[in-house]
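One file, data_13.txt, is given below (compact mmCIF, C-alpha atoms).
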# COMPACT_ATOMS: atom_id res chain seq x y z
CA MET H 1248 0.00 0.00 0.00
CA GLN H 1249 1.25 3.48 -0.84
CA LEU H 1250 0.34 6.50 1.26
CA LEU H 1251 -0.11 9.84 -0.40
CA GLU H 1252 -0.05 12.98 1.67
CA ILE H 1253 -1.28 16.21 0.17
CA GLY H 1254 -0.13 19.39 1.82
CA TRP H 1255 -0.30 23.06 1.10
CA ASN H 1256 0.94 26.27 2.61
CA ILE H 1257 -1.72 28.37 4.25
CA PRO H 1258 -0.96 32.07 4.75
CA ALA H 1259 -0.72 33.08 8.40
CA ALA H 1260 -3.91 34.55 9.84
CA THR H 1261 -3.71 36.63 12.99
CA LYS H 1262 -7.42 36.47 13.66
CA ALA H 1263 -10.30 34.64 12.01
CA LYS H 1264 -13.54 33.01 13.11
CA SER H 1265 -13.08 30.34 10.49
CA LEU H 1266 -11.21 29.56 7.31
CA LYS H 1267 -12.65 27.84 4.25
CA PHE H 1268 -10.59 25.72 1.87
CA GLU H 1269 -11.67 24.10 -1.38
CA VAL H 1270 -9.66 21.12 -2.56
CA THR H 1271 -10.34 19.41 -5.89
CA MET H 1272 -8.86 16.00 -6.60
CA THR H 1273 -9.06 13.53 -9.46
CA LEU H 1274 -8.24 9.97 -8.48
CA VAL H 1275 -7.14 7.77 -11.37
CA GLY H 1276 -6.37 4.09 -10.94
CA ALA H 1277 -7.51 4.24 -7.31
CA THR H 1278 -9.85 1.28 -7.58
CA THR H 1279 -9.57 -2.43 -7.25
CA LEU H 1280 -11.26 -4.16 -10.16
CA TYR H 1281 -13.32 -7.26 -9.37
CA SER H 1282 -15.37 -9.33 -11.82
CA ASP H 1283 -18.58 -7.52 -10.86
CA VAL H 1284 -17.56 -4.12 -9.47
CA ALA H 1285 -14.74 -1.66 -9.19
CA LYS H 1286 -14.25 -0.69 -5.55
CA PHE H 1287 -12.37 2.06 -3.76
CA GLN H 1288 -11.94 3.44 -0.29
CA TRP H 1289 -10.95 7.05 0.31
CA GLU H 1290 -10.11 8.62 3.66
CA PRO H 1291 -10.10 12.41 3.27
CA VAL H 1292 -9.82 12.88 7.04
CA SER H 1293 -7.57 10.57 9.06
CA GLU H 1294 -7.95 9.78 12.75
CA LEU H 1295 -4.50 11.42 13.02
CA ASN H 1296 -6.02 14.77 12.01
CA GLU H 1297 -5.02 17.44 14.54
CA THR H 1298 -7.29 20.26 13.35
CA PRO H 1299 -11.00 20.40 14.18
CA ILE H 1300 -13.15 20.89 11.09
CA GLY H 1301 -16.57 22.53 11.22
CA LYS H 1302 -17.90 20.91 8.06
CA VAL H 1303 -16.51 18.66 5.35
CA THR H 1304 -18.41 18.36 2.08
CA GLY H 1305 -17.57 16.35 -0.97
CA THR H 1306 -18.83 15.20 -4.33
CA VAL H 1307 -17.66 11.92 -5.84
CA ARG H 1308 -18.23 11.66 -9.58
CA PHE H 1309 -18.12 8.21 -11.08
CA PRO H 1310 -17.09 7.22 -14.62
CA ASN H 1311 -19.56 7.79 -17.46
CA GLY H 1312 -22.36 5.24 -17.42
CA ILE H 1313 -22.51 4.99 -13.62
CA THR H 1314 -25.74 6.03 -11.94
CA ALA H 1315 -27.26 5.58 -8.50
CA SER H 1316 -28.72 2.26 -9.69
CA ASN H 1317 -25.37 0.64 -10.57
CA SER H 1318 -23.21 2.08 -7.80
CA TRP H 1319 -23.14 1.80 -4.02
CA ALA H 1320 -21.49 3.91 -1.34
CA TRP H 1321 -21.02 3.97 2.42
CA LEU H 1322 -19.81 6.97 4.40
CA HIS H 1323 -17.98 6.03 7.61
CA TYR H 1324 -18.22 8.82 10.16
CA SER H 1325 -19.33 8.67 13.78
CA GLY H 1326 -20.83 12.16 13.86
CA VAL H 1327 -23.70 13.85 12.08
CA SER H 1328 -23.48 13.32 8.32
CA THR H 1329 -25.61 13.24 5.20
CA THR H 1330 -25.36 11.60 1.79
CA GLU H 1331 -27.39 12.08 -1.34
CA ARG H 1332 -27.18 11.11 -4.99
CA GLY H 1333 -27.18 13.69 -7.78
CA GLU H 1334 -28.86 13.60 -11.18
CA ASN H 1335 -25.85 11.94 -12.84
CA GLY H 1336 -25.25 9.38 -10.09
CA GLU H 1337 -22.63 11.44 -8.26
CA LEU H 1338 -22.46 11.03 -4.51
CA LYS H 1339 -22.62 14.15 -2.38
CA PHE H 1340 -21.72 13.94 1.30
CA ALA H 1341 -21.35 16.24 4.28
CA ALA H 1342 -20.00 15.67 7.78
CA ASN H 1343 -20.39 18.16 10.61
CA ASN H 1344 -18.14 18.85 13.57
CA VAL H 1345 -15.20 16.67 12.57
CA ARG H 1346 -13.27 16.73 15.82
CA VAL H 1347 -9.60 15.96 16.32
CA GLY H 1348 -9.08 12.20 16.19
CA ARG H 1349 -12.34 11.55 14.35
CA TYR H 1350 -11.92 10.02 10.90
CA LEU H 1351 -14.08 10.19 7.82
CA ASP H 1352 -13.87 7.73 4.97
CA LEU H 1353 -15.90 6.58 2.04
CA VAL H 1354 -16.23 3.14 0.48
CA ALA H 1355 -17.77 2.99 -2.97
CA ALA H 1356 -18.33 0.38 -5.63
CA PHE H 1357 -19.67 0.61 -9.14
CA ASP H 1358 -20.37 -1.65 -12.10
CA SER H 1359 -17.04 -2.89 -13.43
CA SER H 1360 -18.18 -2.95 -17.06
CA VAL H 1361 -17.39 0.78 -17.43
CA MET H 1362 -13.73 0.36 -16.50
CA HIS H 1363 -11.28 0.86 -19.33
CA ASP H 1364 -7.54 0.70 -19.74
CA THR H 1365 -5.91 3.84 -18.31
CA SER H 1366 -2.45 2.99 -19.60
CA GLY H 1367 -2.83 4.64 -22.98
CA GLY H 1368 -4.66 1.83 -24.76
CA LYS H 1369 -7.36 2.47 -27.35
CA ALA H 1370 -10.49 4.23 -26.10
CA GLY H 1371 -13.19 1.73 -25.21
CA GLN H 1372 -10.74 -1.14 -24.76
CA GLN H 1373 -11.64 -3.33 -21.78
CA TYR H 1374 -9.52 -2.61 -18.74
CA THR H 1375 -6.39 -4.68 -18.14
CA PRO H 1376 -3.79 -4.07 -15.44
CA ALA H 1377 -1.54 -1.20 -16.47
CA GLY H 1378 1.05 -1.49 -13.72
CA ASP H 1379 1.65 -2.12 -10.04
CA TRP H 1380 -0.71 0.66 -9.01
CA ILE H 1381 -3.71 -1.18 -10.37
CA ARG H 1382 -5.21 -4.08 -8.45
CA LYS H 1383 -7.33 -6.73 -10.12
CA ARG H 1384 -9.17 -9.68 -8.60
CA ASP H 1385 -10.81 -12.48 -10.58
CA TYR H 1386 -13.83 -12.92 -8.34
CA ASP H 1387 -17.02 -11.07 -7.40
CA SER H 1388 -16.99 -8.65 -4.48
CA LEU H 1389 -20.31 -6.80 -4.24
CA ALA H 1390 -22.26 -9.31 -2.13
CA GLU H 1391 -19.39 -9.62 0.34
CA LEU H 1392 -18.96 -5.83 0.46
CA LYS H 1393 -22.66 -5.24 1.13
CA GLN H 1394 -22.63 -7.81 3.94
CA SER H 1395 -19.46 -6.35 5.44
CA GLU H 1396 -20.94 -2.84 5.43
CA LYS H 1397 -24.20 -4.12 6.93
CA ASP H 1398 -22.22 -5.82 9.72
CA LYS H 1399 -20.17 -2.66 10.37
CA GLU H 1400 -23.35 -0.58 10.61
CA ALA H 1401 -24.92 -3.02 13.06
CA GLN H 1402 -21.73 -3.00 15.17
CA ALA H 1403 -21.63 0.82 15.16
CA ARG H 1404 -25.30 1.03 16.20
CA ALA H 1405 -24.74 -1.48 19.01
CA SER H 1406 -21.69 0.45 20.17
CA ASN H 1407 -23.67 3.71 20.27
CA VAL H 1408 -26.41 2.09 22.38
CA THR H 1409 -23.89 0.94 24.99
CA GLN H 1410 -22.14 4.32 25.27
Let me see the structure of the file written as structure tokens.
Amino acid sequence: MQLLEIGWNIPAATKAKSLKFEVTMTLVGATTLYSDVAKFQWEPVSELNETPIGKVTGTVRFPNGITASNSWAWLHYSGVSTTERGENGELKFAANNVRVGRYLDLVAAFDSSVMHDTSGGKAGQQYTPAGDWIRKRDYDSLAELKQSEKDKEAQARASNVTQ
């Protein structure tokens, strides 16, 4: 696994109630391709985060041909959050009061038939591994993923009841 850290220099502020930052990212080759779905997990806020965040919002746009009916997503966050699907299948999420030490991550899967070679092959060519950064598995994953996420949700709910 490779870790990627994105950093930027923020000008010094002597006094401010809050600061707003907009970060745009395009993730290419960040999925694992299974026979039935392409799956990825993205953690925009780590549990190692040392800065409290008032609100995190995001929009995940899937490849062309992906809609809400052939994609699935789970937002992992222990605070107040919302998710909704847009007209073109994109996933919009928001998380409020992201405290220090509280992580936020997203697991998503979508129909694998839209995946194509990103290594410079002909447009429309079916995806084949283009290098070490691409992971491919020759078995289905969606049913197992759905069950795993259902189990995690049940465990989180049970944990909240006992706290």
Using all atoms listed in the file, give me every residue within 7 Å of (-10.8, -10.1, -9.4) in file coordinates, as a list in words.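 Answer for this query, in the requested form: Leu1280, Tyr1281, Ser1282, Lys1383, Arg1384, Asp1385, Tyr1386 and Asp1387 of chain H.
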Write the residues you've just listed into a file as a compact mmCIF listing (two decimals), keeping the file's coordinate frame, and include C-alpha atoms for each of them.
# COMPACT_ATOMS: atom_id res chain seq x y z
CA LEU H 1280 -11.26 -4.16 -10.16
CA TYR H 1281 -13.32 -7.26 -9.37
CA SER H 1282 -15.37 -9.33 -11.82
CA LYS H 1383 -7.33 -6.73 -10.12
CA ARG H 1384 -9.17 -9.68 -8.60
CA ASP H 1385 -10.81 -12.48 -10.58
CA TYR H 1386 -13.83 -12.92 -8.34
CA ASP H 1387 -17.02 -11.07 -7.40
Two-atom distance - atom CA of H:Gly1348, atom CA of H:Thr1278 (Å):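 Going from atom CA of H:Gly1348 over to atom CA of H:Thr1278 covers 26.2 Å.
Relative to atom CA of H:Ala1341, atom CA of H:Ile1300 is found at 11.6 Å.
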I want to know what sits within 12 Å of H:Trp1319, based on only C-alpha atoms, with residues of the same chain fewer than 4 positions away left out; could you give that as a list in words?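 The neighbour list is Val1284, Ala1285, Lys1286, Phe1287, Gln1288, Val1307, Phe1309, Ile1313, Thr1314, Ala1315, Thr1330, Glu1331, Arg1332, Gly1336, Glu1337, Leu1338, Leu1353, Val1354, Ala1355, Ala1356, Phe1357, Asp1358, Leu1389, Ala1390, Leu1392, Lys1393 and Glu1396 of chain H.
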How big is the axis-aligned box, and where does its centre sit, when it encloses all atoms of stretch 1278-1286 of chain H listed in the file and has 8 Å added on every side, reported in Å to one decimal as JSON?
{"center_x": -14.1, "center_y": -4.0, "center_z": -8.7, "size_x": 25.0, "size_y": 26.6, "size_z": 22.3}
Residues within 12 Å of H:Val1327, please, as a list of chain:residue names. Count all atoms listed in the file; anything in the same chain fewer than 6 positions from it doesn't count. H:Gly1301, H:Lys1302, H:Val1303, H:Phe1340, H:Ala1341, H:Ala1342, H:Asn1343, H:Asn1344, H:Val1345, H:Arg1346, H:Arg1349, H:Leu1351
